[in-house]
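I have placed the structure first, in the form of structure tokens, so that the comments after it can refer back to it.
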Protein chains: 2
Amino acid sequence: MFDTLFINLHAATMADQKTPYGAIHDAAIAVQDGKIAWIGKKSDLPDAPEKCAKDVIDADHQWVTPGLIDCHTHLVFGGQRADEFARKLQGESYEAILASGGGILSSVRATREASFEDLLKAALERARYAMTQGATTLEIKSGYGLDLESECKILRVIKHLRELLPMTIKATCLAAHVVPPEYQDRRSEYIAWIIKDLLPQIKQEELASAVDVFCEKIAFTLEETEQIFQAAKALDFDIKIHAEQLSSMHGSSLAARYEALSADHLEYMTESDVIAMKASGTVATLLPGAFYFLREKQIPPLDLLRQYQVPIALATDFNPGTSPINSLSTIMNLACVLWRFTPEEALRGVTLHAAQALGLQATHGSLEVGKNADFAFWNIETPAELAYYLHGRACSELIIHGESAQHCS
Amino acid sequence: MFDTLFINLHAATMADQKTPYGAIHDAAIAVQDGKIAWIGKKSDLPDAPEKCAKDVIDADHQWVTPGLIDCHTHLVFGGQRADEFARKLQGESYEAILASGGGILSSVRATREASFEDLLKAALERARYAMTQGATTLEIKSGYGLDLESECKILRVIKHLRELLPMTIKATCLAAHVVPPEYQDRRSEYIAWIIKDLLPQIKQEELASAVDVFCEKIAFTLEETEQIFQAAKALDFDIKIHAEQLSSMHGSSLAARYEALSADHLEYMTESDVIAMKASGTVATLLPGAFYFLREKQIPPLDLLRQYQVPIALATDFNPGTSPINSLSTIMNLACVLWRFTPEEALRGVTLHAAQALGLQATHGSLEVGKNADFAFWNIETPAELAYYLHGRACSELIIHGESAQHCS
């Protein structure tokens with residue numbers, strides 16, 4: 001007998017591509033010990049529902065999707081940058097704002113100044129909002145600290161979020177986000193500090209499972225990126241990269257050589273990058289929020305990624321400077337309208353492929369027996385509706401590890 | 001002694017342009033009989049707060065704006081068009097979808113088939129969501145009925161919403177949205193029916209206060225539009241128009257000749273249109289949601305509108321085909337990012353200028369003595385934050401006629 005049986009639902013399982021959305025109409029899902037124990041047509045249940053499970057929950061013909069996965073966020077930060085947003089509207093470039101001490105560095109100042117408690121409070125509110133929008137898994141990066149105390153403060157906030165919320169939360173160290181002001185004229189020392197001091201300490205305290213580098217003209221060179229990857233790999237961190245966002249530097253090919261879980265942004269990637277990522281199994285995580293917010297014109301090479309069957313994830317990139325967007329359905333809509341994703345590709349991008357971008361595909365990202373019982377109920381007529389509203393869409397119920405998690409959000 | 005006094009707030013009054021947002025820091029607002037009875041610096045209060053009012057409410061240093069006004073929506077409709085959205089993603093044009101019985105006509109079918117109760121339930125949910133986003137006033141158009149029974153059904157739903165919600169709700173007859181299928185080859189008869197039968201009945205039952213026409217190649221000609229305006233004017237309806245969305249037909253100039261409250265969309269308007277609207281006091285209501293959703297390239301002539309000081313309103317255009325967007329803060333963000341509105345222009349567009357687009361400027365749209373005590377509290381550091389998040393933003397408290405309306409949403 002199962003713990004719980006959900007009946008009268010339509011499941012967008014995302015488990016295979018034989019039917020659109022891997023859909024099972026008139027389905028049932030059984031949960032045992034927080035895992036999916038059975039899924040299929042309700043008519044294929046071995047017995048009457050009330051004989052199959054202790055609790056039977058009637059979903060009133062709603063759609064169910066895997067819990068959404070936001071695989072690239074920066075949601076622990078101090079302050080906000082709405083006034084900088086106003087400056088951008090008057091035509092200042094991202095580079096110019098960065099050069100005048102704005103941009104990432106203004107968030108670094110605000111994050112350094114913020115107390116642990118204030119950062120936690122703001123991050124908790126943001127994570128809870130993400131849950132209302134159907135998210136059950138988040139990746140969160142550091143990168144607004146850039147010194148030992150502040151990077152660890154951010155990563156400890158992430159760790160504490162994990163204790164407060166039932167979500168799966170992955171932490172990534174992005175100390176190589178930008179060179180901090182105090183190292184402006186000695187960038188090699190900053191990189192040496194990351195390699196020799198920061199990463200070993202984070203490893204020892206288990207504060208992050210992955211290391212990410214912003215490889216770009218305004219951030220870190222290909223050579224600097226590789227130095228950090230070597231150190232991260234030696235310490236057995238997973239690898240991620242911000243690459244080809246503003247120019248083509250082939251950071252994604254480099255990351256593929258280091259068997260990165262994902263390369264992210266990728267507007268300017270080339271065919272050789274796509275081939276390298278295919279070979280290494282690296283996920284392409286695309287971030288239409290930053291593309292929209294920065295009014296970029298260069299669209300990532302979606303057709304090449306499709307052609308080589310590189311898994312494509314989508315994420316919010318939620319951050320105060322270039323993507324103040326904290327809803328995966330808003331992101332799905334941007335991907336469809338601006339880049340011609342189909343709604344099904346968009347949903348796969350925030351479920352199965354996002355799980356893969358976090359190395360969680362064995363347990364997360366689709367409705368399959370043995371995976372975590374993380375799913376969201378939606379009061380919609382067709383799964384395409386999930387990508388249809390730009391203003392975000394709340395789920396009607398959120399299940400994490402088989403339990404209702406809506407009271408948490 | 002006032003009924004209620006709100007203290008410890010920052011007010012974006014939008015009442016004058018002497019300071020950005022007409023802001024008053026460390027302000028207080030007194031309410032009497034549902035109207036604003038006093039507003040100013042808290043330090044200028046004539047007496048201690050508790051001696052000024054029966055109820056004193058401490059707003060904890062939040063920002064207060066006028067209640068937001070969505071002055072152009074189509075939020076009473078049956079069905080949804082997410083699957084059509086998928087077709088658009090594969091490159092089909094708006095015109096081609098319209099020609100194959102999709103587009104507006106598929107919503108007409110679904111709306112005709114829907115019961116009054118089902119339409120009301122869906123519309124109520126949408127209006128309540130708008131309230132969570134800070135809206136206290138809505139304009140809603142008919143135009144998915146296109147026959148007597150269905151147009152009146154929509155307008156009665158709007159009337160009933162007004163009874164169920166404390167919002168100010170204005171109804172507009174948009175029977176001239178598209179020629180219905182049964183009149184396809186006899187469009188002049190459809191227009192004659194609107195003029196002779198529909199408008200008089202709507203007037204008699206007081207089901208709408210304004211008449212709107214979609215003046216466009218795929219909808220109604222300039223001559224047809226004028227016939228309807230003449231009849232509407234004779235019956236003392238306010239005039240509105242959908243004009244210059246896809247091409248330049250000078251519908252906005254025509255509407256100005258009929259002293260329209262607003263002309264809406266306006267991507268292709270010319271300088272002569274702007275001059276005509278300035279002369280008539282017609283508001284330019286811009287709709288970035290449809291621009292975004294249809295991937296339009298032609299940006300409305302914002303600089304000309306600024307130069308001639310034509311009031312610019314912003315609205316969601318919430319509808320199932322071309323703007324599935326039900327949050328004014330999402331719309332403010334689109335206007336800023338896509339069209340370079342400043343956040344202040346965007347907020348004026350959904351408050352003071354939106355009130356003017358509905359003929360409500362004497363009572364709505366700014367925080368001034370004598371106006372309705374409709375306002376929204378926001379947990380933000382700067383008013384620019386209201387236009388900063390694409391995914392929408394919930395207000396922390398909504399006041400309508402001086403009373404908390406949050407339980408309604």
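As shown in the structure tokens, the chain order sets the letters A, B, ...; within each chain, residues go from 1, and ligands are also counted from 1 in the order they appear.
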Find the nearest atom pair between each residue of chain B and chain A for residues within 7 Å, count only C-alpha atoms, give distances in Å to one decimal, sort rows by chain and ascending number, and present the table as JSON lines.
{"residue": "B:Ala82", "atom": "CA", "partner": "A:Glu385", "partner_atom": "CA", "distance": 5.2}
{"residue": "B:Asp83", "atom": "CA", "partner": "A:Ala384", "partner_atom": "CA", "distance": 6.4}
{"residue": "B:Ala86", "atom": "CA", "partner": "A:Thr342", "partner_atom": "CA", "distance": 6.3}
{"residue": "B:Leu89", "atom": "CA", "partner": "A:Arg340", "partner_atom": "CA", "distance": 5.4}
{"residue": "B:Phe293", "atom": "CA", "partner": "A:Val337", "partner_atom": "CA", "distance": 6.4}
{"residue": "B:Pro324", "atom": "CA", "partner": "A:Tyr389", "partner_atom": "CA", "distance": 5.2}
{"residue": "B:Ile325", "atom": "CA", "partner": "A:His391", "partner_atom": "CA", "distance": 5.6}
{"residue": "B:Asn326", "atom": "CA", "partner": "A:His391", "partner_atom": "CA", "distance": 6.4}
{"residue": "B:Ser327", "atom": "CA", "partner": "A:His391", "partner_atom": "CA", "distance": 6.1}
{"residue": "B:Thr330", "atom": "CA", "partner": "A:His391", "partner_atom": "CA", "distance": 6.0}
{"residue": "B:Cys336", "atom": "CA", "partner": "A:Leu89", "partner_atom": "CA", "distance": 6.8}
{"residue": "B:Val337", "atom": "CA", "partner": "A:Phe293", "partner_atom": "CA", "distance": 6.4}
{"residue": "B:Arg340", "atom": "CA", "partner": "A:Leu89", "partner_atom": "CA", "distance": 5.4}
{"residue": "B:Thr342", "atom": "CA", "partner": "A:Ala86", "partner_atom": "CA", "distance": 6.3}
{"residue": "B:Pro343", "atom": "CA", "partner": "A:Ala86", "partner_atom": "CA", "distance": 6.7}
{"residue": "B:Ala384", "atom": "CA", "partner": "A:Ala82", "partner_atom": "CA", "distance": 5.5}
{"residue": "B:Glu385", "atom": "CA", "partner": "A:Ala82", "partner_atom": "CA", "distance": 5.1}
{"residue": "B:Tyr388", "atom": "CA", "partner": "A:Ala82", "partner_atom": "CA", "distance": 5.9}
{"residue": "B:Tyr389", "atom": "CA", "partner": "A:Pro324", "partner_atom": "CA", "distance": 5.2}
{"residue": "B:Leu390", "atom": "CA", "partner": "A:Ile325", "partner_atom": "CA", "distance": 5.6}
{"residue": "B:His391", "atom": "CA", "partner": "A:His391", "partner_atom": "CA", "distance": 4.8}
{"residue": "B:Gly392", "atom": "CA", "partner": "A:His391", "partner_atom": "CA", "distance": 5.5}
12 Å contact set for Leu164 (chain A), only C-alpha atoms, chain neighbours under 5 positions out, as a PDB file with C-alpha atoms, in the first residue's frame:
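Result went into result.pdb, see below:
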ATOM      1  CA  LEU A 120      18.619  35.492   4.793  1.00  0.00           C
ATOM      2  CA  LYS A 121      15.321  37.321   5.193  1.00  0.00           C
ATOM      3  CA  ALA A 123      16.573  35.430   0.136  1.00  0.00           C
ATOM      4  CA  LEU A 124      13.887  33.496   1.982  1.00  0.00           C
ATOM      5  CA  GLU A 125      11.212  35.799   0.617  1.00  0.00           C
ATOM      6  CA  ALA A 127      12.802  31.559  -2.611  1.00  0.00           C
ATOM      7  CA  ARG A 128       9.255  31.419  -1.269  1.00  0.00           C
ATOM      8  CA  VAL A 157      22.713  31.886   3.872  1.00  0.00           C
ATOM      9  CA  ILE A 158      22.134  29.326   1.111  1.00  0.00           C
ATOM     10  CA  LYS A 159      22.873  26.497   3.547  1.00  0.00           C
ATOM     11  CA  ILE A 169      18.963  23.836  -3.044  1.00  0.00           C
ATOM     12  CA  ALA A 405       4.823  22.412   0.530  1.00  0.00           C
ATOM     13  CA  CYS A 408       5.994  27.089   3.137  1.00  0.00           C
ATOM     14  CA  SER A 409       5.510  29.676   0.414  1.00  0.00           C
TER      15      SER A 409
END
Hey, which of A:Leu286, A:Ile228, A:Leu358, A:Val178 ends up closest to Gly103 (chain A)? Count only C-alpha atoms.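 Result for the nearest residue to Gly103 (chain A): A:Val178.
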I want to know what sits within 12 Å of His265 (chain B), based on only C-alpha atoms, with residues of the same chain fewer than 5 positions away left out; could you give that as a PyMOL selection string? chain B and resi 72+214-216+240-248+251-252+283-291+296+298-302+312-317
From a DSSP pass on the backbone, collect the residues of region 161-269 of chain A flagged as strand (DSSP E) and hand them back as a list in words. Thr168, Ile169, Lys170, Ala171, Thr172, Cys173, Leu174, Ala175, Ala176, Ala210, Val211, Asp212, Val213, Phe214, Asp238, Ile239, Lys240, Ile241, His242, Ala243, Ser262, Ala263, Asp264 and His265 of chain A
Which residues come within 9 Å of Lys371 (chain B), counting only C-alpha atoms, excluding same-chain residues fewer than 3 positions away, as a PyMOL selection string? chain B and resi 34-37+361-368+374
For Met277 (chain B): contacts at 9 Å, only C-alpha atoms, fewer than 3 positions along chain excluded, given as a PyMOL selection string: chain B and resi 252-253+255-257+259-260+262-263+272-274+280-284+310
If DSSP is run on the backbone, what residues of region 11-232 of chain B are alpha helix (DSSP H)? A reply as an MDAnalysis selection string would be ideal. chainID B and resid 49:52 82:89 94:99 104:113 116:132 148:164 187:193 199:205 222:232
Skip region 10-15 of chain B itself and residues of its chain fewer than 4 positions away, then list as a list in words all residues within 7 Å of it, counting only C-alpha atoms. Tyr21, Gly22, Ala23, Ile24, His25, Asp26, Ala27, His61, Gln62, Trp63, Val64, Thr65, Pro66, Arg348, Leu352, Ser366, Leu367 and Glu368 of chain B
Pick from A:Ala357, A:Ala28, A:Ala130, A:Ala276: nearest to Asp60 (chain A), with only C-alpha atoms counted? A:Ala28
So, with only C-alpha atoms as the atoms that count, which of A:Ala135, A:Ile69, A:Leu75, A:Ala30 lies closest to Ser107 (chain A)?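 Closest to Ser107 (chain A), using only C-alpha atoms: A:Leu75.
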